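Coordinates as given in upload_12.tsv (TSV, C-alpha atoms and all ligand atoms):
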chain	number	residue	atom	x	y	z
A	1	MET	CA	133.75	132.77	130.14
A	2	ARG	CA	130.50	132.43	132.14
A	3	VAL	CA	128.00	135.02	130.98
A	4	LEU	CA	124.78	136.08	132.71
A	5	VAL	CA	122.27	137.00	129.99
A	6	THR	CA	119.34	139.02	131.32
A	7	GLY	CA	116.21	138.82	129.16
A	8	GLY	CA	117.80	135.83	127.41
A	9	CYS	CA	114.46	134.28	126.39
A	10	GLY	CA	113.64	137.34	124.29
A	11	TYR	CA	114.23	138.02	120.61
A	12	ILE	CA	117.78	139.41	120.58
A	13	GLY	CA	118.88	137.62	123.76
A	14	SER	CA	118.04	134.16	122.38
A	15	HIS	CA	120.01	134.71	119.19
A	16	THR	CA	122.95	136.04	121.20
A	17	ILE	CA	122.90	132.97	123.44
A	18	VAL	CA	123.27	130.78	120.34
A	19	GLU	CA	126.41	132.76	119.40
A	20	LEU	CA	127.81	132.49	122.94
A	21	LEU	CA	127.17	128.75	123.27
A	22	ASN	CA	128.59	128.11	119.80
A	23	SER	CA	131.80	129.79	120.89
A	24	ASN	CA	131.95	127.63	124.03
A	25	MET	CA	130.92	130.20	126.57
A	26	GLU	CA	128.70	129.14	129.45
A	27	VAL	CA	125.39	130.91	129.77
A	28	ILE	CA	123.12	131.66	132.72
A	29	VAL	CA	119.77	133.27	131.91
A	30	VAL	CA	117.46	135.38	134.05
A	31	ASP	CA	114.08	136.27	132.58
A	32	ASN	CA	110.60	136.76	134.06
A	33	LEU	CA	109.00	135.71	130.72
A	34	VAL	CA	106.87	138.86	130.59
A	35	ASN	CA	107.48	139.02	126.82
A	36	SER	CA	108.82	135.56	126.01
A	37	SER	CA	108.30	131.90	126.72
A	38	LEU	CA	110.25	128.96	128.06
A	39	ASP	CA	110.29	126.87	124.86
A	40	VAL	CA	112.93	129.30	123.57
A	41	LEU	CA	115.45	127.47	125.76
A	42	ASP	CA	114.46	124.08	124.28
A	43	ASN	CA	114.86	125.53	120.81
A	44	ILE	CA	118.28	126.93	121.71
A	45	LYS	CA	119.20	123.39	122.77
A	46	LYS	CA	117.98	122.02	119.42
A	47	ILE	CA	120.25	124.50	117.63
A	48	THR	CA	123.37	124.30	119.80
A	49	GLY	CA	123.04	120.99	121.68
A	50	LYS	CA	123.35	122.96	124.94
A	51	LYS	CA	120.85	124.41	127.37
A	52	PRO	CA	121.67	127.40	129.55
A	53	THR	CA	121.01	127.47	133.30
A	54	PHE	CA	117.72	129.34	133.78
A	55	TYR	CA	116.21	131.46	136.56
A	56	GLU	CA	112.63	132.65	136.15
A	57	TYR	CA	113.00	135.76	138.28
A	58	ASP	CA	111.86	139.34	137.98
A	59	MET	CA	115.00	141.45	138.17
A	60	CYS	CA	113.08	144.09	140.10
A	61	ASP	CA	113.26	141.59	142.97
A	62	LYS	CA	116.76	142.38	144.22
A	63	GLU	CA	117.05	139.46	146.66
A	64	LYS	CA	116.21	136.92	143.96
A	65	LEU	CA	118.65	138.50	141.55
A	66	ARG	CA	121.31	138.59	144.28
A	67	SER	CA	120.81	134.86	144.89
A	68	ILE	CA	121.97	134.17	141.31
A	69	PHE	CA	125.21	136.04	141.96
A	70	GLN	CA	125.64	134.06	145.19
A	71	LYS	CA	125.13	130.72	143.46
A	72	GLU	CA	126.84	131.23	140.10
A	73	LYS	CA	130.32	132.27	139.13
A	74	ILE	CA	129.77	135.11	136.64
A	75	ASP	CA	132.47	136.75	134.51
A	76	ALA	CA	130.33	139.08	132.41
A	77	VAL	CA	126.76	140.26	131.97
A	78	ILE	CA	124.80	141.07	128.83
A	79	HIS	CA	121.76	143.10	129.87
A	80	PHE	CA	118.83	142.74	127.46
A	81	ALA	CA	115.97	142.58	129.97
A	82	GLY	CA	113.51	145.42	129.66
A	83	LEU	CA	110.17	146.51	128.29
A	84	LYS	CA	110.42	147.90	124.77
A	85	ALA	CA	107.05	148.89	123.27
A	86	VAL	CA	107.13	152.61	122.48
A	87	SER	CA	103.36	153.21	122.42
A	88	GLU	CA	102.83	151.26	125.66
A	89	SER	CA	105.56	153.33	127.30
A	90	VAL	CA	103.60	156.48	126.42
A	91	SER	CA	100.42	155.17	128.08
A	92	LYS	CA	102.19	153.47	131.02
A	93	PRO	CA	105.32	155.53	131.71
A	94	LEU	CA	105.66	154.49	135.36
A	95	LEU	CA	105.67	150.82	134.41
A	96	TYR	CA	108.52	151.49	131.99
A	97	TYR	CA	110.57	153.63	134.35
A	98	LYS	CA	110.06	151.16	137.19
A	99	ASN	CA	110.81	148.00	135.25
A	100	ASN	CA	113.73	149.22	133.16
A	101	LEU	CA	115.44	151.35	135.80
A	102	PHE	CA	114.88	149.25	138.96
A	103	SER	CA	116.00	146.06	137.22
A	104	THR	CA	119.14	147.78	135.95
A	105	ILE	CA	120.07	149.40	139.27
A	106	ASN	CA	119.56	146.06	141.05
A	107	LEU	CA	121.80	144.41	138.49
A	108	LEU	CA	124.56	147.02	138.81
A	109	GLU	CA	124.46	146.81	142.62
A	110	CYS	CA	124.82	143.02	142.47
A	111	MET	CA	127.67	143.31	139.97
A	112	GLU	CA	129.54	145.72	142.22
A	113	GLU	CA	128.92	143.60	145.33
A	114	PHE	CA	130.14	140.41	143.66
A	115	ASN	CA	133.03	142.04	141.75
A	116	VAL	CA	131.61	141.39	138.32
A	117	TYR	CA	132.62	144.36	136.19
A	118	LYS	CA	132.17	143.41	132.55
A	119	LEU	CA	128.84	144.61	131.12
A	120	VAL	CA	127.29	144.88	127.66
A	121	PHE	CA	124.09	146.94	127.62
A	122	SER	CA	121.30	146.95	124.99
A	123	SER	CA	120.61	150.52	124.02
A	124	SER	CA	118.83	151.80	120.94
A	125	ALA	CA	119.13	154.24	118.07
A	126	THR	CA	116.09	155.84	119.66
A	127	VAL	CA	118.52	157.81	121.91
A	128	TYR	CA	119.44	159.92	118.86
A	129	GLY	CA	115.86	161.25	118.57
A	130	ASN	CA	115.42	162.86	115.16
A	131	PRO	CA	119.02	163.10	113.88
A	132	THR	CA	119.87	166.38	112.17
A	133	HIS	CA	122.03	164.68	109.54
A	134	LEU	CA	122.96	161.20	108.39
A	135	PRO	CA	124.56	158.73	108.84
A	136	VAL	CA	124.38	158.69	112.62
A	137	THR	CA	127.68	158.41	114.47
A	138	GLU	CA	128.18	157.65	118.16
A	139	ASP	CA	129.08	161.25	119.02
A	140	PHE	CA	125.70	162.69	117.89
A	141	PRO	CA	123.68	164.65	120.47
A	142	LEU	CA	121.20	162.53	122.40
A	143	LYS	CA	117.52	163.30	122.75
A	144	THR	CA	114.51	161.07	123.33
A	145	THR	CA	110.89	161.37	122.27
A	146	ASN	CA	109.08	158.78	124.43
A	147	PRO	CA	109.40	157.19	127.90
A	148	TYR	CA	110.88	153.96	126.51
A	149	GLY	CA	113.67	155.90	124.83
A	150	THR	CA	114.16	157.97	127.97
A	151	THR	CA	114.72	154.81	130.04
A	152	LYS	CA	117.50	153.85	127.62
A	153	LEU	CA	119.12	157.27	127.86
A	154	MET	CA	118.76	157.35	131.65
A	155	ILE	CA	120.46	153.97	131.91
A	156	GLU	CA	123.25	155.14	129.60
A	157	ASN	CA	123.74	158.15	131.92
A	158	ILE	CA	123.77	155.91	135.01
A	159	LEU	CA	126.46	153.80	133.36
A	160	VAL	CA	128.55	156.89	132.56
A	161	ASP	CA	128.40	157.98	136.22
A	162	LEU	CA	129.05	154.49	137.53
A	163	TYR	CA	132.16	154.18	135.41
A	164	LYS	CA	133.39	157.58	136.59
A	165	ALA	CA	132.96	156.43	140.20
A	166	ASN	CA	134.43	152.95	139.70
A	167	SER	CA	136.78	152.50	136.77
A	168	LYS	CA	137.04	148.75	137.41
A	169	PHE	CA	133.85	148.53	135.35
A	170	ASP	CA	134.29	147.55	131.71
A	171	ILE	CA	131.13	148.76	129.99
A	172	THR	CA	130.00	148.50	126.38
A	173	ILE	CA	126.84	150.23	125.25
A	174	LEU	CA	125.45	148.87	121.98
A	175	ARG	CA	122.95	151.08	120.22
A	176	TYR	CA	120.89	148.86	117.93
A	177	PHE	CA	119.28	150.08	114.74
A	178	ASN	CA	116.34	147.96	113.43
A	179	PRO	CA	116.81	144.24	114.06
A	180	ILE	CA	114.71	141.89	111.92
A	181	GLY	CA	115.15	138.33	110.60
A	182	ALA	CA	115.51	135.13	112.57
A	183	HIS	CA	117.82	132.16	112.99
A	184	LYS	CA	118.07	130.09	109.77
A	185	SER	CA	116.61	127.05	111.55
A	186	GLY	CA	113.30	128.89	112.03
A	187	LEU	CA	113.35	127.70	115.65
A	188	ILE	CA	113.86	131.10	117.26
A	189	GLY	CA	112.74	134.52	116.07
A	190	GLU	CA	110.58	137.48	116.97
A	191	ASN	CA	107.30	136.46	118.51
A	192	PRO	CA	105.62	139.60	119.81
A	193	LYS	CA	102.61	139.17	122.07
A	194	GLY	CA	99.46	140.89	120.68
A	195	ILE	CA	99.28	143.08	117.57
A	196	PRO	CA	102.79	144.04	116.46
A	197	ASN	CA	103.83	147.70	116.24
A	198	ASN	CA	107.02	147.27	114.28
A	199	LEU	CA	107.14	146.95	110.52
A	200	MET	CA	108.51	143.45	109.90
A	201	PRO	CA	106.27	141.49	112.32
A	202	TYR	CA	103.25	143.33	110.94
A	203	LEU	CA	104.31	142.71	107.34
A	204	VAL	CA	104.72	139.00	108.10
A	205	ASN	CA	101.20	138.87	109.59
A	206	VAL	CA	99.78	140.35	106.39
A	207	ALA	CA	101.70	137.86	104.25
A	208	LEU	CA	100.31	135.03	106.38
A	209	GLY	CA	96.75	136.36	106.16
A	210	LYS	CA	96.60	137.06	109.93
A	211	SER	CA	96.12	140.77	109.18
A	212	GLU	CA	94.37	142.10	106.12
A	213	VAL	CA	96.51	145.02	105.03
A	214	LEU	CA	99.78	146.70	105.92
A	215	ASN	CA	99.38	150.38	106.70
A	216	ILE	CA	102.35	152.30	105.38
A	217	TYR	CA	102.60	155.31	107.64
A	218	GLY	CA	103.06	158.15	105.16
A	219	ASN	CA	104.63	158.59	101.73
A	220	ASP	CA	105.52	162.25	102.03
A	221	TYR	CA	108.79	161.94	103.93
A	222	LYS	CA	111.95	163.43	102.45
A	223	THR	CA	113.24	160.04	101.31
A	224	ILE	CA	113.85	158.13	98.09
A	225	ASP	CA	110.14	157.17	97.63
A	226	GLY	CA	108.51	159.20	100.41
A	227	THR	CA	108.23	156.28	102.88
A	228	GLY	CA	110.28	156.06	106.10
A	229	VAL	CA	113.89	154.95	105.79
A	230	ARG	CA	115.63	152.77	108.40
A	231	ASP	CA	118.76	150.64	108.86
A	232	TYR	CA	117.55	147.03	109.12
A	233	ILE	CA	120.05	144.57	110.55
A	234	HIS	CA	119.76	140.77	110.67
A	235	VAL	CA	119.31	139.68	114.29
A	236	CYS	CA	122.08	137.07	113.88
A	237	ASP	CA	124.54	139.81	112.84
A	238	LEU	CA	123.42	141.84	115.84
A	239	ALA	CA	123.89	138.80	118.08
A	240	TYR	CA	127.40	138.32	116.70
A	241	GLY	CA	128.14	141.94	117.62
A	242	HIS	CA	127.61	141.03	121.29
A	243	LEU	CA	130.16	138.25	121.06
A	244	LEU	CA	132.66	140.69	119.57
A	245	ALA	CA	131.88	143.21	122.32
A	246	LEU	CA	132.62	140.58	124.97
A	247	LYS	CA	135.87	139.59	123.29
A	248	ASN	CA	136.99	143.18	122.67
A	249	SER	CA	140.48	143.68	124.08
A	250	LYS	CA	139.82	147.39	124.65
A	251	SER	CA	138.50	147.86	128.16
A	252	GLY	CA	136.87	150.89	129.79
A	253	PHE	CA	133.73	152.65	128.60
A	254	LYS	CA	132.74	152.12	124.97
A	255	ILE	CA	129.74	152.91	122.78
A	256	TYR	CA	129.01	151.37	119.38
A	257	ASN	CA	126.19	151.72	116.88
A	258	LEU	CA	125.20	148.35	115.45
A	259	GLY	CA	123.55	148.54	112.04
A	260	THR	CA	124.47	147.78	108.44
A	261	GLY	CA	124.79	151.42	107.39
A	262	LYS	CA	122.43	150.69	104.46
A	263	PRO	CA	119.25	152.77	104.25
A	264	THR	CA	116.04	150.97	103.20
A	265	SER	CA	112.58	152.49	102.73
A	266	VAL	CA	109.34	150.81	103.80
A	267	LEU	CA	108.38	150.26	100.15
A	268	GLU	CA	111.79	148.80	99.33
A	269	LEU	CA	111.45	146.37	102.22
A	270	VAL	CA	107.91	145.34	101.17
A	271	LYS	CA	109.06	144.78	97.56
A	272	MET	CA	112.07	142.71	98.66
A	273	PHE	CA	109.85	140.63	100.96
A	274	GLU	CA	107.35	139.92	98.16
A	275	LYS	CA	110.11	139.02	95.71
A	276	VAL	CA	112.16	136.60	97.82
A	277	ASN	CA	109.19	134.95	99.53
A	278	LYS	CA	107.06	134.91	96.37
A	279	VAL	CA	104.06	136.16	98.33
A	280	PRO	CA	101.94	139.27	97.76
A	281	VAL	CA	101.62	141.81	100.58
A	282	LYS	CA	98.56	144.05	100.44
A	283	TYR	CA	99.36	147.56	101.60
A	284	GLN	CA	97.79	151.01	101.74
A	285	ILE	CA	99.29	154.42	102.41
A	286	THR	CA	97.88	156.02	105.56
A	287	ASN	CA	98.73	159.05	107.70
A	288	ARG	CA	102.10	159.38	109.35
A	289	ARG	CA	102.52	157.67	112.74
A	290	ALA	CA	103.03	160.21	115.53
A	291	GLY	CA	106.65	160.48	116.57
A	292	ASP	CA	108.08	158.86	113.40
A	293	ILE	CA	111.08	160.35	111.65
A	294	ASP	CA	112.06	160.51	107.98
A	295	ALA	CA	115.22	158.50	108.05
A	296	CYS	CA	117.71	156.91	110.42
A	297	TYR	CA	120.77	154.88	109.54
A	298	THR	CA	124.18	154.46	111.07
A	299	SER	CA	127.74	154.75	110.06
A	300	PRO	CA	129.10	151.32	111.01
A	301	ALA	CA	132.70	152.62	110.87
A	302	LYS	CA	133.48	152.64	114.61
A	303	ALA	CA	132.13	149.13	115.24
A	304	PHE	CA	134.07	147.91	112.20
A	305	LYS	CA	137.31	149.60	113.27
A	306	GLU	CA	137.27	148.63	116.94
A	307	LEU	CA	135.26	145.39	116.99
A	308	ASN	CA	135.89	144.20	113.44
A	309	PHE	CA	132.10	144.09	113.15
A	310	THR	CA	130.71	143.41	109.68
A	311	CYS	CA	127.30	142.14	108.61
A	312	ARG	CA	127.09	138.76	106.90
A	313	TYR	CA	123.40	138.87	105.99
A	314	THR	CA	121.55	140.86	103.31
A	315	LEU	CA	118.08	142.40	103.24
A	316	SER	CA	116.96	139.40	101.21
A	317	ASP	CA	118.16	137.03	104.02
A	318	MET	CA	116.31	139.15	106.58
A	319	CYS	CA	113.04	138.84	104.62
A	320	LEU	CA	113.47	135.11	103.99
A	321	ASP	CA	114.35	134.30	107.60
A	322	SER	CA	111.58	136.39	109.16
A	323	TYR	CA	108.98	134.66	107.00
A	324	ASN	CA	110.48	131.20	107.50
A	325	PHE	CA	110.29	131.59	111.29
A	326	ALA	CA	106.70	132.85	111.17
A	327	LYS	CA	105.56	130.00	108.90
A	328	LYS	CA	107.20	127.41	111.16
A	329	SER	CA	105.54	128.96	114.24
A	330	ILE	CA	102.13	128.70	112.57
A	331	ASP	CA	102.78	125.05	111.65
A	332	LYS	CA	103.63	124.34	115.31
A	333	GLU	CA	100.49	126.14	116.57
A	334	SER	CA	98.23	124.15	114.23
A	335	ARG	CA	99.73	120.79	115.26
B	401	LIG	P1	112.23	141.10	124.09
B	401	LIG	O1	111.02	141.70	124.72
B	401	LIG	O2	112.04	140.04	123.09
B	401	LIG	O3	113.24	140.58	125.22
B	401	LIG	C1	113.36	141.21	126.47
B	401	LIG	C2	113.27	140.12	127.55
B	401	LIG	O4	113.38	140.74	128.84
B	401	LIG	C3	111.94	139.37	127.52
B	401	LIG	O5	112.19	137.99	127.43
B	401	LIG	C4	111.27	139.74	128.84
B	401	LIG	O6	110.49	138.68	129.36
B	401	LIG	C5	112.47	140.09	129.72
B	401	LIG	N1	112.21	141.02	130.82
B	401	LIG	C6	111.61	142.25	130.77
B	401	LIG	N2	111.56	142.79	132.00
B	401	LIG	C7	112.16	141.91	132.85
B	401	LIG	C8	112.41	141.92	134.26
B	401	LIG	N3	112.03	142.92	135.04
B	401	LIG	N4	113.05	140.84	134.80
B	401	LIG	C9	113.42	139.80	134.02
B	401	LIG	N5	113.20	139.74	132.70
B	401	LIG	C10	112.58	140.79	132.11
B	401	LIG	O7	113.05	142.32	123.44
B	401	LIG	P2	114.26	142.29	122.42
B	401	LIG	O8	113.76	142.76	121.11
B	401	LIG	O9	114.99	141.00	122.51
B	401	LIG	O10	115.13	143.47	123.02
B	401	LIG	C11	116.18	143.22	123.95
B	401	LIG	C12	116.73	144.54	124.44
B	401	LIG	O11	117.18	145.30	123.31
B	401	LIG	C13	115.70	145.42	125.15
B	401	LIG	O12	116.34	146.06	126.23
B	401	LIG	C14	115.29	146.41	124.09
B	401	LIG	O13	114.87	147.62	124.66
B	401	LIG	C15	116.58	146.58	123.31
B	401	LIG	N6	116.36	147.02	121.91
B	401	LIG	C16	115.54	146.27	121.11
B	401	LIG	C17	115.30	146.70	119.80
B	401	LIG	C18	114.39	145.91	118.88
B	401	LIG	O14	114.00	146.44	117.84
B	401	LIG	N7	114.03	144.68	119.18
B	401	LIG	C19	115.92	147.86	119.31
B	401	LIG	C20	116.76	148.58	120.15
B	401	LIG	C21	116.98	148.13	121.47
B	402	LIG	C1	110.51	151.87	116.51
B	402	LIG	C2	110.51	152.75	117.73
B	402	LIG	C3	111.93	152.83	118.27
B	402	LIG	C4	112.48	151.42	118.55
B	402	LIG	C5	112.38	150.61	117.26
B	402	LIG	C6	112.84	149.20	117.43
B	402	LIG	C7	108.65	154.32	117.36
B	402	LIG	C8	108.27	155.75	117.13
B	402	LIG	N1	109.98	154.07	117.39
B	402	LIG	O1	111.35	152.46	115.57
B	402	LIG	O2	111.95	153.59	119.46
B	402	LIG	O3	113.83	151.51	118.98
B	402	LIG	O4	111.01	150.60	116.82
B	402	LIG	O5	112.00	148.51	118.32
B	402	LIG	O6	107.80	153.47	117.55
B	402	LIG	N2	105.91	151.37	109.54
B	402	LIG	C9	104.83	151.30	108.69
B	402	LIG	N3	103.79	150.47	109.02
B	402	LIG	C10	103.78	149.71	110.15
B	402	LIG	C11	104.90	149.78	111.03
B	402	LIG	C12	105.93	150.63	110.67
B	402	LIG	O7	104.79	151.96	107.64
B	402	LIG	O8	102.80	149.00	110.40
B	402	LIG	C13	107.08	152.21	109.14
B	402	LIG	C14	107.42	153.30	110.15
B	402	LIG	O9	106.73	154.48	109.84
B	402	LIG	C15	108.94	153.42	109.92
B	402	LIG	C16	109.38	152.00	109.52
B	402	LIG	O10	108.19	151.35	109.07
B	402	LIG	O11	109.20	154.27	108.84
B	402	LIG	C17	109.99	151.20	110.67
B	402	LIG	O12	109.09	151.22	111.77
B	402	LIG	P1	109.34	150.33	113.08
B	402	LIG	O13	109.62	148.91	112.70
B	402	LIG	O14	108.20	150.57	114.01
B	402	LIG	O15	110.69	150.91	113.70
B	402	LIG	P2	111.11	152.42	114.04
B	402	LIG	O16	110.03	153.38	113.73
B	402	LIG	O17	112.43	152.67	113.42

Here is a file; write its structure as structure tokens.
Amino acid sequence: MRVLVTGGCGYIGSHTIVELLNSNMEVIVVDNLVNSSLDVLDNIKKITGKKPTFYEYDMCDKEKLRSIFQKEKIDAVIHFAGLKAVSESVSKPLLYYKNNLFSTINLLECMEEFNVYKLVFSSSATVYGNPTHLPVTEDFPLKTTNPYGTTKLMIENILVDLYKANSKFDITILRYFNPIGAHKSGLIGENPKGIPNNLMPYLVNVALGKSEVLNIYGNDYKTIDGTGVRDYIHVCDLAYGHLLALKNSKSGFKIYNLGTGKPTSVLELVKMFEKVNKVPVKYQITNRRAGDIDACYTSPAKAFKELNFTCRYTLSDMCLDSYNFAKKSIDKESR
């Protein structure tokens, strides 16, 4: 199978490419490198011995995107490309709507024109808003709280309508919970530009001394210890989920939550990180972050039943691998 991976130089895309290449699929990547860099492809080659074909194009440029479909034989598309920073989406909504929606519509038009119908789309647990009960299943009502999340929901709705109009499409929507961790080699991982917003990259910065203290946003939530609870999933397990989605014999329109189903609080994650990496992490409790919710974790039952999806990695692996990647990146920078 020849797979076009959009946003393949990014965090989840790069780990997924490793899975695809390791199972002998051919990979073509399109990425404008707005939130990633080219050395990711060299590092993928170090891990797999193979380098994907690469196009440095902005997917909002339809003619450039179309030229890839003209040149390459494509059997399936995994669509990761998009902007993903929640707070930035609040201050720059038009940028988010334009980038995430235009790129997707261009992609879908090209797929239809060139008779490529198999698509896996990166959605997010953010489409569930503040769930009324837990665990979250795929049939929960959908509601978003920020422009980033709204782009995800809008794209999901576009895909629903597209499938209704053209049932040749074979569409899988994957709603990710909280991916953390990195490839065991430490060669690829999450490398956010600027000051990180998400918990694990910030925690890693504190452990490395790049930031002084981790702010824990509130300890008065209705959770086990008052801090926010999430469903952290190792990025390599998430990547494997994409391979299973591509190989799924069930065709049509499908939606799966990808998470472990195991709730973890901020304090539990910090304690696990300190224990397995044998490093102290200075933290302080601060006010809640606007828009945050008490708890969010999935029921992995549907993905298990239909995709045979199970997670191989533990929270301890996630902490070890995130830190290992960050330490290796620092070593490289200082050389
Ligand atoms: P990432 O930023 O690391 O990767 C996205 C890639 O898309 C980047 O390499 C970026 O350069 C590229 N890109 C963005 N706009 C583009 C455009 N117009 N044309 C070409 N390339 C473009 O993000 P990630 O964490 O790997 O996330 C991948 C996808 O999964 C995103 O759609 C994101 O919204 C979704 N998602 C991520 C998370 C998470 O916690 N990381 C959670 C839920 C959903
Ligand atoms: C955030 C986004 C969500 C996105 C997801 C993955 C918000 C409101 N939501 O979710 O849309 O899909 O990232 O990219 O931004 N925390 C701290 N200190 C920190 C950072 C986080 O205590 O410095 C806490 C948060 O309050 C939360 C938990 O850690 O309880 C996880 O936060 P984060 O990693 O940002 O992910 P989400 O809030 O789940």

- [ ] Would you list the residues that come within 8 Å of ligand LIG 401 (chain B)? Count only C-alpha atoms and all ligand atoms and give the answer as number ranges by chain.
- [x] A: 6-14, 30-37, 56-60, 79-84, 99-100, 102-103, 121-126, 148, 152, 175-180, 190-192, 198

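When atom CA of Glu88 of chain A is paired with atom O16 of ligand LIG 402 (chain B), their separation reads 14.1 Å.
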
Task: Selection near segment 42-45 of chain A, 12 Å with only C-alpha atoms, sequence-local residues under 3 positions removed, as a ChimeraX atom specification - done: /A:8-11,13-22,27,37-39,48-54,183,185-189,329

Task: Surrounding residues of segment 293-310 of chain A excluding itself and chain neighbours under 5 positions, 10 Å, all atoms listed in the file, as a VMD selection string - done: chain A and resid 125 to 126 128 to 138 174 to 178 218 to 223 226 to 232 237 to 238 240 to 250 254 to 265 288

Open item on the list: Rounded to one decimal, what separation in Å do you get between atom C5 of ligand LIG 402 (chain B) and atom CA of Asp292 of chain A?
Closed with: 10.1 Å

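Note that atom CA of Arg312 of chain A and atom CA of Val5 of chain A are 23.7 Å apart.
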
TODO: Measuring atom to atom with only C-alpha atoms and all ligand atoms, identify which of A:Asn324, A:Ser316, A:Ser87, A:Thr150 is nearest to ligand LIG 402 (chain B).
DONE: A:Ser87

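Between ligand LIG 402 (chain B) and the residues A:Lys168, A:Lys46, A:Lys64, A:Lys143, the shortest atom-to-atom distance, using all atoms listed in the file, involves A:Lys143.
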